[in-house]
Amino acid sequence: MARPRILGFTMAELLVVLAVISLFVMLAQLHLFGLLRKNTFRAQVQELVSTMQMAASAAAESDRRYEVIIDIPEQSYLLRQITNPDLSEVLEEEIIVQDNLSGGCRLAYVEFDDREYTNDGRAKFRAGHAGWAYGGKIVLLDESGQPYSIVVNRLNRIVALEEGDVGLLDPRLRNELPF
């Protein structure tokens with residue numbers, strides 16, 4: 001009497017299938033972690049841009065003054081409403097937003113439109129009803145060292161994120177612009 005043949009996978013076939021599935025899972029994880037790191041950089045930079053925009057719009061809608069302090073050594077920033085005549089002192093009740101940059105997002109330097117520059121201290125952007133006291137750019141680096149610039153334009157109050165280390169337009173030349 002003939003035995004019925006049992007169909008199934010051999011051990012070698014099962015190991016090959018498991019190896020292929022493992023490879024796909026590993027590739028998906030690498031891709032996902034890369035996206036998360038990139039999104040983390042973008043999210044942190046966008047949060048800083050939103051903070052700068054919040055200062056400009058709040059100042060434009062009121063008679064209050066606001067200040068965004070970029071602290072390069074601490075890799076942090078804060079937004080405060082200025083209530084004290086002593087601008088060097090930040091009172092706890094003045095702080096609206098305070099955040100640290102982490103991971104793949106690093107503050108490199110700040111350059112103001114009057115060519116003042118810092119890469120090892122604090123930079124202060126002040127906004128009042130008339131707009132920004134100074135314009136400039138905040139240069140950040142992602143984890144691969146790629147620069148991004150947050151450009152603060154005091155001529156039109158716009159705060160924008162640009163890829164790369166962009167050049168600044170000198171506001172003293174605004175009468176020479178063709179438009």
# chains A, B, ... in the order shown; residues from 1 in each chain; ligands from 1

$ residues_around --residues "range 163-165 of chain A" --least-positions-apart "4" --cutoff "8 Å" --atoms "only C-alpha atoms" --output "MDAnalysis selection string"
chainID A and resid 139 146:149

$ write_last_selection --atoms "N, CA, C and O atoms" --output "mmCIF file, in the first residue's frame"
data_model
loop_
_atom_site.group_PDB
_atom_site.id
_atom_site.type_symbol
_atom_site.label_atom_id
_atom_site.label_comp_id
_atom_site.auth_asym_id
_atom_site.auth_seq_id
_atom_site.Cartn_x
_atom_site.Cartn_y
_atom_site.Cartn_z
ATOM 1 N N VAL A 139 21.518 80.242 11.694
ATOM 2 C CA VAL A 139 21.941 79.094 10.901
ATOM 3 C C VAL A 139 21.967 77.861 11.794
ATOM 4 O O VAL A 139 22.607 77.862 12.855
ATOM 5 N N GLN A 146 24.329 69.657 7.078
ATOM 6 C CA GLN A 146 23.686 70.496 6.070
ATOM 7 C C GLN A 146 23.122 71.748 6.745
ATOM 8 O O GLN A 146 22.372 71.647 7.697
ATOM 9 N N PRO A 147 23.488 72.950 6.266
ATOM 10 C CA PRO A 147 22.978 74.172 6.897
ATOM 11 C C PRO A 147 21.574 74.551 6.420
ATOM 12 O O PRO A 147 21.202 74.301 5.277
ATOM 13 N N TYR A 148 20.831 75.149 7.329
ATOM 14 C CA TYR A 148 19.517 75.729 7.059
ATOM 15 C C TYR A 148 19.503 77.095 7.725
ATOM 16 O O TYR A 148 20.069 77.265 8.803
ATOM 17 N N SER A 149 18.866 78.061 7.099
ATOM 18 C CA SER A 149 18.830 79.420 7.634
ATOM 19 C C SER A 149 17.401 79.841 7.943
ATOM 20 O O SER A 149 16.515 79.673 7.108
#

$ select_by_dssp --residues "range 15-167 of chain A" --states "helix (DSSP H, G or I)" --output "ChimeraX atom specification"
/A:15-60,92-94

$ closest_residue --among "A:Gln98, A:Gln44, A:Ser22, A:Thr10" --to "Leu161 in chain A" --atoms "only C-alpha atoms"
A:Gln44

$ residues_around --residues "Asp63 in chain A" --least-positions-apart "3" --cutoff "10 Å" --atoms "only C-alpha atoms" --output "MDAnalysis selection string"
chainID A and resid 58:60 66 128:130

$ write_last_selection --atoms "N, CA and C atoms" --output "PDB file, in the first residue's frame"
ATOM      1  N   ALA A  58       2.457  88.960  17.606  1.00  0.00           N
ATOM      2  CA  ALA A  58       1.961  89.485  18.889  1.00  0.00           C
ATOM      3  C   ALA A  58       2.373  90.943  19.065  1.00  0.00           C
ATOM      4  N   ALA A  59       3.586  91.278  18.669  1.00  0.00           N
ATOM      5  CA  ALA A  59       4.052  92.663  18.778  1.00  0.00           C
ATOM      6  C   ALA A  59       3.293  93.575  17.822  1.00  0.00           C
ATOM      7  N   ALA A  60       2.988  93.096  16.628  1.00  0.00           N
ATOM      8  CA  ALA A  60       2.268  93.914  15.645  1.00  0.00           C
ATOM      9  C   ALA A  60       0.843  94.208  16.083  1.00  0.00           C
ATOM     10  N   TYR A  66       8.506  92.128  22.401  1.00  0.00           N
ATOM     11  CA  TYR A  66       8.876  90.736  22.629  1.00  0.00           C
ATOM     12  C   TYR A  66      10.319  90.533  22.218  1.00  0.00           C
ATOM     13  N   GLY A 128       8.815  94.835  18.093  1.00  0.00           N
ATOM     14  CA  GLY A 128       7.871  95.798  18.646  1.00  0.00           C
ATOM     15  C   GLY A 128       6.766  96.048  17.644  1.00  0.00           C
ATOM     16  N   HIS A 129       5.926  97.014  17.953  1.00  0.00           N
ATOM     17  CA  HIS A 129       4.795  97.322  17.081  1.00  0.00           C
ATOM     18  C   HIS A 129       5.250  97.687  15.662  1.00  0.00           C
ATOM     19  N   ALA A 130       6.406  98.329  15.542  1.00  0.00           N
ATOM     20  CA  ALA A 130       6.917  98.741  14.232  1.00  0.00           C
ATOM     21  C   ALA A 130       7.640  97.616  13.493  1.00  0.00           C
TER      22      ALA A 130
END
